[in-house]
>>> print(open('my_file.pdb').read())   # PDB, C-alpha atoms and all ligand atoms
ATOM      1  CA  MET L   1       0.000   0.000   0.000  1.00  0.00           C
ATOM      2  CA  ILE L   2       1.222   3.470  -0.837  1.00  0.00           C
ATOM      3  CA  THR L   3       0.372   6.385   1.453  1.00  0.00           C
ATOM      4  CA  LEU L   4       0.210  10.074   0.545  1.00  0.00           C
ATOM      5  CA  LEU L   5       1.250  12.452   3.325  1.00  0.00           C
ATOM      6  CA  PRO L   6       0.479  16.060   2.406  1.00  0.00           C
ATOM      7  CA  SER L   7       2.925  18.390   4.160  1.00  0.00           C
ATOM      8  CA  VAL L   8       1.035  21.185   5.894  1.00  0.00           C
ATOM      9  CA  LEU L   9       4.088  23.424   5.604  1.00  0.00           C
ATOM     10  CA  SER L  10       2.631  24.417   2.226  1.00  0.00           C
ATOM     11  CA  ALA L  11      -0.918  24.859   3.571  1.00  0.00           C
ATOM     12  CA  ASP L  12      -2.625  28.189   4.287  1.00  0.00           C
ATOM     13  CA  PHE L  13      -1.932  28.586   8.023  1.00  0.00           C
ATOM     14  CA  ALA L  14      -4.808  31.049   8.402  1.00  0.00           C
ATOM     15  CA  ASN L  15      -7.173  28.315   7.196  1.00  0.00           C
ATOM     16  CA  LEU L  16      -5.595  25.221   8.674  1.00  0.00           C
ATOM     17  CA  GLY L  17      -8.921  23.725   9.799  1.00  0.00           C
ATOM     18  CA  ASN L  18     -10.389  23.998   6.290  1.00  0.00           C
ATOM     19  CA  GLU L  19      -7.206  22.638   4.745  1.00  0.00           C
ATOM     20  CA  LEU L  20      -7.379  19.567   7.020  1.00  0.00           C
ATOM     21  CA  ASP L  21     -11.057  19.089   6.072  1.00  0.00           C
ATOM     22  CA  THR L  22     -10.156  19.191   2.389  1.00  0.00           C
ATOM     23  CA  LEU L  23      -7.473  16.536   2.916  1.00  0.00           C
ATOM     24  CA  LYS L  24      -9.904  14.278   4.742  1.00  0.00           C
ATOM     25  CA  LYS L  25     -12.615  14.713   2.086  1.00  0.00           C
ATOM     26  CA  SER L  26     -10.094  13.909  -0.629  1.00  0.00           C
ATOM     27  CA  GLY L  27      -9.267  10.519   0.886  1.00  0.00           C
ATOM     28  CA  VAL L  28      -6.040  11.415   2.701  1.00  0.00           C
ATOM     29  CA  THR L  29      -5.383   9.434   5.905  1.00  0.00           C
ATOM     30  CA  GLU L  30      -2.134  10.928   7.194  1.00  0.00           C
ATOM     31  CA  VAL L  31      -0.750  14.443   7.348  1.00  0.00           C
ATOM     32  CA  HIS L  32       2.950  15.372   7.542  1.00  0.00           C
ATOM     33  CA  ILE L  33       3.782  18.086  10.073  1.00  0.00           C
ATOM     34  CA  ASP L  34       7.182  19.827   9.802  1.00  0.00           C
ATOM     35  CA  VAL L  35       8.542  21.252  13.049  1.00  0.00           C
ATOM     36  CA  MET L  36      11.637  23.465  12.550  1.00  0.00           C
ATOM     37  CA  ASP L  37      13.688  25.062  15.313  1.00  0.00           C
ATOM     38  CA  GLY L  38      15.864  27.592  13.484  1.00  0.00           C
ATOM     39  CA  MET L  39      18.965  25.661  14.622  1.00  0.00           C
ATOM     40  CA  PHE L  40      18.945  22.258  12.968  1.00  0.00           C
ATOM     41  CA  VAL L  41      17.511  23.969   9.891  1.00  0.00           C
ATOM     42  CA  PRO L  42      17.646  27.705   9.157  1.00  0.00           C
ATOM     43  CA  SER L  43      13.913  28.331   9.337  1.00  0.00           C
ATOM     44  CA  ILE L  44      11.334  28.225  12.120  1.00  0.00           C
ATOM     45  CA  SER L  45       7.902  26.775  11.336  1.00  0.00           C
ATOM     46  CA  PHE L  46       5.571  26.095  14.272  1.00  0.00           C
ATOM     47  CA  GLY L  47       5.422  23.978  17.392  1.00  0.00           C
ATOM     48  CA  MET L  48       3.226  22.287  19.959  1.00  0.00           C
ATOM     49  CA  PRO L  49       0.345  24.834  20.281  1.00  0.00           C
ATOM     50  CA  VAL L  50      -0.365  24.710  16.545  1.00  0.00           C
ATOM     51  CA  ILE L  51      -0.337  20.907  16.498  1.00  0.00           C
ATOM     52  CA  ALA L  52      -2.664  20.839  19.528  1.00  0.00           C
ATOM     53  CA  SER L  53      -5.104  23.117  17.679  1.00  0.00           C
ATOM     54  CA  MET L  54      -4.957  20.894  14.601  1.00  0.00           C
ATOM     55  CA  ARG L  55      -5.620  17.836  16.770  1.00  0.00           C
ATOM     56  CA  LYS L  56      -8.831  19.410  18.064  1.00  0.00           C
ATOM     57  CA  VAL L  57     -10.335  19.618  14.594  1.00  0.00           C
ATOM     58  CA  SER L  58      -8.857  16.582  12.835  1.00  0.00           C
ATOM     59  CA  ASP L  59      -8.754  12.834  13.306  1.00  0.00           C
ATOM     60  CA  LEU L  60      -6.136  12.303  10.585  1.00  0.00           C
ATOM     61  CA  THR L  61      -2.964  10.449  11.564  1.00  0.00           C
ATOM     62  CA  PHE L  62      -0.342  13.041  12.534  1.00  0.00           C
ATOM     63  CA  ASP L  63       3.164  12.321  11.253  1.00  0.00           C
ATOM     64  CA  VAL L  64       5.532  14.780  12.935  1.00  0.00           C
ATOM     65  CA  HIS L  65       8.897  15.412  11.255  1.00  0.00           C
ATOM     66  CA  MET L  66      11.134  17.045  13.844  1.00  0.00           C
ATOM     67  CA  MET L  67      13.807  19.231  12.285  1.00  0.00           C
ATOM     68  CA  VAL L  68      15.024  20.072  15.761  1.00  0.00           C
ATOM     69  CA  GLU L  69      18.350  19.719  17.613  1.00  0.00           C
ATOM     70  CA  GLU L  70      18.103  17.005  20.275  1.00  0.00           C
ATOM     71  CA  PRO L  71      14.437  16.236  19.620  1.00  0.00           C
ATOM     72  CA  GLY L  72      14.396  13.870  22.597  1.00  0.00           C
ATOM     73  CA  ARG L  73      13.700  16.981  24.691  1.00  0.00           C
ATOM     74  CA  TYR L  74      10.258  17.310  23.100  1.00  0.00           C
ATOM     75  CA  ILE L  75       8.988  13.746  22.567  1.00  0.00           C
ATOM     76  CA  ASP L  76       6.651  13.830  25.584  1.00  0.00           C
ATOM     77  CA  ASP L  77       5.212  17.177  24.466  1.00  0.00           C
ATOM     78  CA  MET L  78       4.636  15.907  20.939  1.00  0.00           C
ATOM     79  CA  VAL L  79       2.832  12.862  22.277  1.00  0.00           C
ATOM     80  CA  LYS L  80       0.656  15.079  24.491  1.00  0.00           C
ATOM     81  CA  VAL L  81      -0.444  17.302  21.611  1.00  0.00           C
ATOM     82  CA  GLY L  82      -1.439  14.320  19.494  1.00  0.00           C
ATOM     83  CA  ALA L  83       1.457  13.024  17.377  1.00  0.00           C
ATOM     84  CA  ASP L  84       0.907   9.476  16.081  1.00  0.00           C
ATOM     85  CA  ALA L  85       4.303   9.019  14.435  1.00  0.00           C
ATOM     86  CA  ILE L  86       7.467  10.941  15.285  1.00  0.00           C
ATOM     87  CA  GLY L  87      10.534  11.239  13.066  1.00  0.00           C
ATOM     88  CA  VAL L  88      13.927  12.380  14.348  1.00  0.00           C
ATOM     89  CA  HIS L  89      17.037  13.198  12.336  1.00  0.00           C
ATOM     90  CA  ALA L  90      20.043  10.931  12.930  1.00  0.00           C
ATOM     91  CA  GLU L  91      22.178  14.077  12.565  1.00  0.00           C
ATOM     92  CA  ALA L  92      20.329  15.845  15.407  1.00  0.00           C
ATOM     93  CA  CYS L  93      20.488  13.115  18.087  1.00  0.00           C
ATOM     94  CA  LYS L  94      23.569  12.440  20.226  1.00  0.00           C
ATOM     95  CA  HIS L  95      21.850   9.278  21.461  1.00  0.00           C
ATOM     96  CA  LEU L  96      19.746   8.136  18.555  1.00  0.00           C
ATOM     97  CA  ASP L  97      18.899   4.733  20.022  1.00  0.00           C
ATOM     98  CA  ARG L  98      17.660   6.322  23.251  1.00  0.00           C
ATOM     99  CA  THR L  99      15.490   8.829  21.404  1.00  0.00           C
ATOM    100  CA  ILE L 100      13.936   6.081  19.274  1.00  0.00           C
ATOM    101  CA  MET L 101      13.127   4.110  22.420  1.00  0.00           C
ATOM    102  CA  GLN L 102      11.510   7.182  24.002  1.00  0.00           C
ATOM    103  CA  ILE L 103       9.100   7.318  21.055  1.00  0.00           C
ATOM    104  CA  LYS L 104       8.418   3.567  21.063  1.00  0.00           C
ATOM    105  CA  ASP L 105       7.930   3.510  24.837  1.00  0.00           C
ATOM    106  CA  ALA L 106       5.270   6.202  24.414  1.00  0.00           C
ATOM    107  CA  GLY L 107       3.431   3.768  22.121  1.00  0.00           C
ATOM    108  CA  LYS L 108       3.972   5.809  18.953  1.00  0.00           C
ATOM    109  CA  LYS L 109       5.422   4.972  15.552  1.00  0.00           C
ATOM    110  CA  ALA L 110       9.097   5.951  15.381  1.00  0.00           C
ATOM    111  CA  TYR L 111      11.180   6.829  12.382  1.00  0.00           C
ATOM    112  CA  VAL L 112      14.665   8.050  11.607  1.00  0.00           C
ATOM    113  CA  VAL L 113      15.255  10.799   9.053  1.00  0.00           C
ATOM    114  CA  LEU L 114      18.459  11.086   7.000  1.00  0.00           C
ATOM    115  CA  ASN L 115      19.666  14.187   5.198  1.00  0.00           C
ATOM    116  CA  PRO L 116      20.697  13.622   1.565  1.00  0.00           C
ATOM    117  CA  ALA L 117      24.439  13.340   2.336  1.00  0.00           C
ATOM    118  CA  THR L 118      24.069  11.072   5.400  1.00  0.00           C
ATOM    119  CA  PRO L 119      25.047   7.451   4.683  1.00  0.00           C
ATOM    120  CA  LEU L 120      22.622   4.582   5.280  1.00  0.00           C
ATOM    121  CA  SER L 121      25.128   2.887   7.609  1.00  0.00           C
ATOM    122  CA  VAL L 122      23.919   5.025  10.568  1.00  0.00           C
ATOM    123  CA  LEU L 123      20.782   2.853  10.463  1.00  0.00           C
ATOM    124  CA  ASP L 124      22.583  -0.490  10.811  1.00  0.00           C
ATOM    125  CA  TYR L 125      21.964  -1.013  14.539  1.00  0.00           C
ATOM    126  CA  VAL L 126      18.547   0.639  14.806  1.00  0.00           C
ATOM    127  CA  LEU L 127      16.790  -0.503  11.640  1.00  0.00           C
ATOM    128  CA  ASP L 128      14.956  -3.303  13.455  1.00  0.00           C
ATOM    129  CA  LYS L 129      13.593  -0.887  16.091  1.00  0.00           C
ATOM    130  CA  ILE L 130      11.853   1.604  13.825  1.00  0.00           C
ATOM    131  CA  ASP L 131       8.696   1.678  11.730  1.00  0.00           C
ATOM    132  CA  TYR L 132       9.931   3.808   8.816  1.00  0.00           C
ATOM    133  CA  VAL L 133      13.018   5.487   7.459  1.00  0.00           C
ATOM    134  CA  LEU L 134      12.493   8.937   5.993  1.00  0.00           C
ATOM    135  CA  LEU L 135      15.003   9.716   3.270  1.00  0.00           C
ATOM    136  CA  MET L 136      15.161  13.458   2.637  1.00  0.00           C
ATOM    137  CA  THR L 137      15.149  13.993  -1.104  1.00  0.00           C
ATOM    138  CA  VAL L 138      16.008  17.694  -0.653  1.00  0.00           C
ATOM    139  CA  ASN L 139      18.073  19.415   2.039  1.00  0.00           C
ATOM    140  CA  PRO L 140      15.579  20.041   4.838  1.00  0.00           C
ATOM    141  CA  GLY L 141      14.286  23.470   5.795  1.00  0.00           C
ATOM    142  CA  PHE L 142      12.009  24.688   3.042  1.00  0.00           C
ATOM    143  CA  GLY L 143       9.151  23.562   0.844  1.00  0.00           C
ATOM    144  CA  GLY L 144       9.252  23.918  -2.915  1.00  0.00           C
ATOM    145  CA  GLN L 145      12.820  22.719  -3.605  1.00  0.00           C
ATOM    146  CA  SER L 146      13.843  20.356  -6.419  1.00  0.00           C
ATOM    147  CA  TYR L 147      14.279  16.607  -5.965  1.00  0.00           C
ATOM    148  CA  ILE L 148      17.950  15.571  -5.737  1.00  0.00           C
ATOM    149  CA  PRO L 149      18.347  12.897  -8.467  1.00  0.00           C
ATOM    150  CA  GLN L 150      21.055  10.929  -6.593  1.00  0.00           C
ATOM    151  CA  MET L 151      18.404  10.036  -3.985  1.00  0.00           C
ATOM    152  CA  THR L 152      16.795   7.474  -6.287  1.00  0.00           C
ATOM    153  CA  GLU L 153      19.846   5.218  -5.862  1.00  0.00           C
ATOM    154  CA  LYS L 154      19.773   5.805  -2.102  1.00  0.00           C
ATOM    155  CA  ILE L 155      16.138   4.645  -1.954  1.00  0.00           C
ATOM    156  CA  ARG L 156      17.071   1.505  -3.935  1.00  0.00           C
ATOM    157  CA  ASP L 157      20.048   0.791  -1.657  1.00  0.00           C
ATOM    158  CA  LEU L 158      17.888   1.124   1.459  1.00  0.00           C
ATOM    159  CA  ARG L 159      15.167  -1.082  -0.039  1.00  0.00           C
ATOM    160  CA  ARG L 160      17.803  -3.775  -0.645  1.00  0.00           C
ATOM    161  CA  LYS L 161      19.136  -3.500   2.934  1.00  0.00           C
ATOM    162  CA  ILE L 162      15.649  -3.778   4.451  1.00  0.00           C
ATOM    163  CA  ASP L 163      14.678  -6.716   2.248  1.00  0.00           C
ATOM    164  CA  ALA L 164      17.979  -8.524   2.856  1.00  0.00           C
ATOM    165  CA  ARG L 165      17.261  -8.434   6.592  1.00  0.00           C
ATOM    166  CA  GLY L 166      13.617  -9.432   6.124  1.00  0.00           C
ATOM    167  CA  LEU L 167      12.395  -6.372   8.026  1.00  0.00           C
ATOM    168  CA  ASP L 168       9.003  -4.707   7.826  1.00  0.00           C
ATOM    169  CA  VAL L 169      10.236  -1.114   7.587  1.00  0.00           C
ATOM    170  CA  GLU L 170       8.676   1.318   5.142  1.00  0.00           C
ATOM    171  CA  ILE L 171      10.603   3.946   3.217  1.00  0.00           C
ATOM    172  CA  GLN L 172       9.227   7.485   3.329  1.00  0.00           C
ATOM    173  CA  VAL L 173      10.476  10.236   1.031  1.00  0.00           C
ATOM    174  CA  ASP L 174      10.210  13.984   1.518  1.00  0.00           C
ATOM    175  CA  GLY L 175      11.119  16.874  -0.725  1.00  0.00           C
ATOM    176  CA  GLY L 176      10.510  17.803  -4.332  1.00  0.00           C
ATOM    177  CA  ILE L 177       8.019  14.994  -4.981  1.00  0.00           C
ATOM    178  CA  LYS L 178       5.638  15.814  -7.816  1.00  0.00           C
ATOM    179  CA  LEU L 179       3.267  13.974 -10.111  1.00  0.00           C
ATOM    180  CA  ASN L 180       6.042  13.641 -12.673  1.00  0.00           C
ATOM    181  CA  ASN L 181       8.615  11.939 -10.408  1.00  0.00           C
ATOM    182  CA  VAL L 182       6.510  10.075  -7.852  1.00  0.00           C
ATOM    183  CA  GLU L 183       6.554   6.860  -9.881  1.00  0.00           C
ATOM    184  CA  THR L 184      10.362   6.907  -9.863  1.00  0.00           C
ATOM    185  CA  VAL L 185      10.535   6.919  -6.051  1.00  0.00           C
ATOM    186  CA  ILE L 186       7.820   4.270  -5.752  1.00  0.00           C
ATOM    187  CA  ASP L 187       9.597   2.016  -8.248  1.00  0.00           C
ATOM    188  CA  ALA L 188      12.829   2.479  -6.258  1.00  0.00           C
ATOM    189  CA  GLY L 189      11.084   1.229  -3.101  1.00  0.00           C
ATOM    190  CA  ALA L 190       9.341   4.102  -1.313  1.00  0.00           C
ATOM    191  CA  SER L 191       5.785   3.591  -0.039  1.00  0.00           C
ATOM    192  CA  ARG L 192       5.166   6.715   2.065  1.00  0.00           C
ATOM    193  CA  ILE L 193       5.141   9.838  -0.041  1.00  0.00           C
ATOM    194  CA  VAL L 194       5.333  13.333   1.463  1.00  0.00           C
ATOM    195  CA  ALA L 195       4.275  16.160  -0.848  1.00  0.00           C
ATOM    196  CA  GLY L 196       3.857  19.816   0.066  1.00  0.00           C
ATOM    197  CA  SER L 197       3.940  22.348  -2.742  1.00  0.00           C
ATOM    198  CA  SER L 198       2.653  19.817  -5.264  1.00  0.00           C
ATOM    199  CA  VAL L 199      -0.497  19.215  -3.174  1.00  0.00           C
ATOM    200  CA  PHE L 200      -1.561  22.547  -1.664  1.00  0.00           C
ATOM    201  CA  GLY L 201      -2.761  25.462  -3.741  1.00  0.00           C
ATOM    202  CA  ASP L 202      -5.745  26.344  -5.881  1.00  0.00           C
ATOM    203  CA  HIS L 203      -6.329  22.730  -6.934  1.00  0.00           C
ATOM    204  CA  THR L 204      -5.641  20.718  -3.792  1.00  0.00           C
ATOM    205  CA  GLU L 205      -8.427  18.185  -4.332  1.00  0.00           C
ATOM    206  CA  GLU L 206      -7.470  17.561  -7.962  1.00  0.00           C
ATOM    207  CA  GLN L 207      -3.785  17.190  -7.086  1.00  0.00           C
ATOM    208  CA  ILE L 208      -4.570  14.636  -4.359  1.00  0.00           C
ATOM    209  CA  ALA L 209      -6.849  12.712  -6.723  1.00  0.00           C
ATOM    210  CA  ALA L 210      -4.057  12.600  -9.308  1.00  0.00           C
ATOM    211  CA  PHE L 211      -1.545  11.230  -6.759  1.00  0.00           C
ATOM    212  CA  LEU L 212      -4.025   8.646  -5.457  1.00  0.00           C
ATOM    213  CA  LYS L 213      -4.810   7.522  -9.014  1.00  0.00           C
ATOM    214  CA  ILE L 214      -1.119   6.825  -9.657  1.00  0.00           C
ATOM    215  CA  PHE L 215      -0.866   4.936  -6.336  1.00  0.00           C
ATOM    216  CA  ALA L 216      -3.908   2.785  -7.161  1.00  0.00           C
ATOM    217  CA  GLU L 217      -2.316   1.718 -10.420  1.00  0.00           C
ATOM    218  CA  LYS L 218       0.938   0.628  -8.695  1.00  0.00           C
TER     219      LYS L 218
HETATM  220  C1  LIG L 301      11.306  20.224   3.971  1.00  0.00           C
HETATM  221  C2  LIG L 301      10.145  19.555   4.626  1.00  0.00           C
HETATM  222  C3  LIG L 301       9.127  19.032   3.692  1.00  0.00           C
HETATM  223  C4  LIG L 301       8.477  20.050   2.814  1.00  0.00           C
HETATM  224  C5  LIG L 301       8.316  19.398   1.481  1.00  0.00           C
HETATM  225  O1  LIG L 301      12.300  20.467   4.885  1.00  0.00           O
HETATM  226  O2  LIG L 301      10.601  18.468   5.423  1.00  0.00           O
HETATM  227  O3  LIG L 301       8.163  18.213   4.336  1.00  0.00           O
HETATM  228  O4  LIG L 301       7.229  20.517   3.258  1.00  0.00           O
HETATM  229  O5  LIG L 301       7.867  20.323   0.571  1.00  0.00           O
HETATM  230  P1  LIG L 301       7.857  20.041  -0.992  1.00  0.00           P
HETATM  231  O6  LIG L 301       7.004  18.830  -1.235  1.00  0.00           O
HETATM  232  O7  LIG L 301       7.276  21.295  -1.548  1.00  0.00           O
HETATM  233  O8  LIG L 301       9.289  19.820  -1.425  1.00  0.00           O
HETATM  234 ZN    ZN L 302       9.088  17.021   6.191  1.00  0.00          ZN
END
>>> encode(input="my_file.pdb", output="structure tokens", more="lines below")
Ligand code: DX5
Ligand code: ZN
Amino acid sequence: MITLLPSVLSADFANLGNELDTLKKSGVTEVHIDVMDGMFVPSISFGMPVIASMRKVSDLTFDVHMMVEEPGRYIDDMVKVGADAIGVHAEACKHLDRTIMQIKDAGKKAYVVLNPATPLSVLDYVLDKIDYVLLMTVNPGFGGQSYIPQMTEKIRDLRRKIDARGLDVEIQVDGGIKLNNVETVIDAGASRIVAGSSVFGDHTEEQIAAFLKIFAEK
């Protein structure tokens, strides 16, 4: 099964409730929520109060991508405001294994995020503890950037590693995914597709329908 995760970073923040309604009506089940601290990445997005407000009006699955230094400091808060899955960057955690276990112990889905230049080997001793790996297909920090072509090989390499170990870990991709390259990442082995600027806008419902049509044919 292939899952579309619209990234609310590209949504209209003044109309977040309506945007979430549109996603739900269009058949979306999970929403990707980008938290940025201005340290791990240059920009600052939003934090716990905004997610808590979203939780009040939406029953979608909340996938929280923490672009935050030492995200372990905020796992409990994220759980409290309604996160269902929490992703932490390997580059941002001094004690990655401990942070993963914090998320799992809270009963939530845990995933590790890798920047484009970070090798897959950092996953070797944690791959069997996590639910997904998120491969960044742009450098994190902003929506609307272009897909880095070398990431297709990285997705394939990770797919091979996971399959060789017989693990049930899904590959998520994030950054620069559009209708014209989504098949490439799916064919390489990704099954969780984050899309921001290619979903939100004047034609959100049509864009979602077009993604879901491609997924149904895969
Ligand atoms: C980038 C974020 C993404 C972003 C993707 O740092 O992690 O989730 O919203 O946006 P697009 O799909 O426009 O590249
Ligand atoms: Zn993201």
>>> residues_near_ligand(input="my_file.pdb", ligand="ligand ZN 302 (chain L)", cutoff="9 Å", atoms="all atoms listed in the file", output="JSON list (two decimals) with C-alpha atoms, in the coordinates of the input")
[["chain", "number", "residue", "atom", "x", "y", "z"],
["L", 7, "SER", "CA", 2.92, 18.39, 4.16],
["L", 9, "LEU", "CA", 4.09, 23.42, 5.60],
["L", 32, "HIS", "CA", 2.95, 15.37, 7.54],
["L", 33, "ILE", "CA", 3.78, 18.09, 10.07],
["L", 34, "ASP", "CA", 7.18, 19.83, 9.80],
["L", 35, "VAL", "CA", 8.54, 21.25, 13.05],
["L", 64, "VAL", "CA", 5.53, 14.78, 12.94],
["L", 65, "HIS", "CA", 8.90, 15.41, 11.26],
["L", 66, "MET", "CA", 11.13, 17.05, 13.84],
["L", 67, "MET", "CA", 13.81, 19.23, 12.28],
["L", 134, "LEU", "CA", 12.49, 8.94, 5.99],
["L", 136, "MET", "CA", 15.16, 13.46, 2.64],
["L", 140, "PRO", "CA", 15.58, 20.04, 4.84],
["L", 141, "GLY", "CA", 14.29, 23.47, 5.80],
["L", 142, "PHE", "CA", 12.01, 24.69, 3.04],
["L", 143, "GLY", "CA", 9.15, 23.56, 0.84],
["L", 173, "VAL", "CA", 10.48, 10.24, 1.03],
["L", 174, "ASP", "CA", 10.21, 13.98, 1.52],
["L", 175, "GLY", "CA", 11.12, 16.87, -0.72],
["L", 194, "VAL", "CA", 5.33, 13.33, 1.46],
["L", 195, "ALA", "CA", 4.28, 16.16, -0.85],
["L", 196, "GLY", "CA", 3.86, 19.82, 0.07]]
>>> axis_aligned_box(input="my_file.pdb", around="range 186-194 of chain L", padding_each_side="5 Å", output="lines of an AutoDock Vina configuration file")
center_x = 9.0
center_y = 7.3
center_z = -3.1
size_x = 17.7
size_y = 22.1
size_z = 20.3
>>> resolve_selection(input="my_file.pdb", expression="the PyMOL selection byres (((chain L and resi 148-162) around 12) and not hetatm)", output="CSV table (one decimal) with C-alpha atoms, in the coordinates of the input")
chain,number,residue,atom,x,y,z
L,114,LEU,CA,18.5,11.1,7.0
L,115,ASN,CA,19.7,14.2,5.2
L,116,PRO,CA,20.7,13.6,1.6
L,117,ALA,CA,24.4,13.3,2.3
L,118,THR,CA,24.1,11.1,5.4
L,119,PRO,CA,25.0,7.5,4.7
L,120,LEU,CA,22.6,4.6,5.3
L,121,SER,CA,25.1,2.9,7.6
L,122,VAL,CA,23.9,5.0,10.6
L,123,LEU,CA,20.8,2.9,10.5
L,124,ASP,CA,22.6,-0.5,10.8
L,126,VAL,CA,18.5,0.6,14.8
L,127,LEU,CA,16.8,-0.5,11.6
L,128,ASP,CA,15.0,-3.3,13.5
L,130,ILE,CA,11.9,1.6,13.8
L,131,ASP,CA,8.7,1.7,11.7
L,132,TYR,CA,9.9,3.8,8.8
L,133,VAL,CA,13.0,5.5,7.5
L,134,LEU,CA,12.5,8.9,6.0
L,135,LEU,CA,15.0,9.7,3.3
L,136,MET,CA,15.2,13.5,2.6
L,137,THR,CA,15.1,14.0,-1.1
L,138,VAL,CA,16.0,17.7,-0.7
L,139,ASN,CA,18.1,19.4,2.0
L,140,PRO,CA,15.6,20.0,4.8
L,145,GLN,CA,12.8,22.7,-3.6
L,146,SER,CA,13.8,20.4,-6.4
L,147,TYR,CA,14.3,16.6,-6.0
L,163,ASP,CA,14.7,-6.7,2.2
L,164,ALA,CA,18.0,-8.5,2.9
L,165,ARG,CA,17.3,-8.4,6.6
L,166,GLY,CA,13.6,-9.4,6.1
L,167,LEU,CA,12.4,-6.4,8.0
L,168,ASP,CA,9.0,-4.7,7.8
L,169,VAL,CA,10.2,-1.1,7.6
L,170,GLU,CA,8.7,1.3,5.1
L,171,ILE,CA,10.6,3.9,3.2
L,172,GLN,CA,9.2,7.5,3.3
L,173,VAL,CA,10.5,10.2,1.0
L,174,ASP,CA,10.2,14.0,1.5
L,175,GLY,CA,11.1,16.9,-0.7
L,176,GLY,CA,10.5,17.8,-4.3
L,177,ILE,CA,8.0,15.0,-5.0
L,181,ASN,CA,8.6,11.9,-10.4
L,182,VAL,CA,6.5,10.1,-7.9
L,183,GLU,CA,6.6,6.9,-9.9
L,184,THR,CA,10.4,6.9,-9.9
L,185,VAL,CA,10.5,6.9,-6.1
L,186,ILE,CA,7.8,4.3,-5.8
L,187,ASP,CA,9.6,2.0,-8.2
L,188,ALA,CA,12.8,2.5,-6.3
L,189,GLY,CA,11.1,1.2,-3.1
L,190,ALA,CA,9.3,4.1,-1.3
L,191,SER,CA,5.8,3.6,0.0
L,192,ARG,CA,5.2,6.7,2.1
>>> atom_distance(input="my_file.pdb", atom1="CA of Ala92 in chain L", atom2="CA of Val112 in chain L")
10.4 Å
>>> closest_residue(input="my_file.pdb", among="L:Leu16, L:Leu60, L:Ala210, L:Val88", to="ligand LIG 301 (chain L)", atoms="all atoms listed in the file")
L:Val88
>>> resolve_selection(input="my_file.pdb", expression="the PyMOL selection byres (((chain L and resi 59) around 10) and not hetatm)", output="ChimeraX atom specification")
/L:20-21,24,29-30,54-58,60-62,82
>>> atom_distance(input="my_file.pdb", atom1="CA of Val81 in chain L", atom2="CA of Arg98 in chain L")
21.2 Å
>>> closest_residue(input="my_file.pdb", among="L:Gly38, L:Gly201, L:Gly144, L:Gly72", to="ligand LIG 301 (chain L)", atoms="all atoms listed in the file")
L:Gly144
>>> atom_distance(input="my_file.pdb", atom1="CA of Ile193 in chain L", atom2="CA of Leu4 in chain L")
5.0 Å
>>> resolve_selection(input="my_file.pdb", expression="the PyMOL selection byres (((chain L and resi 86) around 6) and not hetatm)", output="PyMOL selection string")
chain L and resi 64+85+87+110
>>> write_last_selection(input="my_file.pdb", atoms="C-alpha atoms", output="mmCIF file, in the coordinates of the input")
data_model
loop_
_atom_site.group_PDB
_atom_site.id
_atom_site.type_symbol
_atom_site.label_atom_id
_atom_site.label_comp_id
_atom_site.auth_asym_id
_atom_site.auth_seq_id
_atom_site.Cartn_x
_atom_site.Cartn_y
_atom_site.Cartn_z
ATOM 1 C CA VAL L 64 5.532 14.780 12.935
ATOM 2 C CA ALA L 85 4.303 9.019 14.435
ATOM 3 C CA GLY L 87 10.534 11.239 13.066
ATOM 4 C CA ALA L 110 9.097 5.951 15.381
#
>>> closest_residue(input="my_file.pdb", among="L:Ser198, L:Ser26, L:Gln207, L:Thr99", to="ligand LIG 301 (chain L)", atoms="only C-alpha atoms and all ligand atoms")
L:Ser198
>>> closest_residue(input="my_file.pdb", among="L:His89, L:His203, L:Lys25, L:Lys178", to="ligand LIG 301 (chain L)", atoms="all atoms listed in the file")
L:Lys178
>>> closest_residue(input="my_file.pdb", among="L:Thr204, L:Asn18, L:Thr3, L:Ser10", to="ligand LIG 301 (chain L)", atoms="all atoms listed in the file")
L:Ser10
>>> closest_residue(input="my_file.pdb", among="L:Asp105, L:Glu70, L:Asp63, L:Glu19", to="ligand LIG 301 (chain L)", atoms="all atoms listed in the file")
L:Asp63
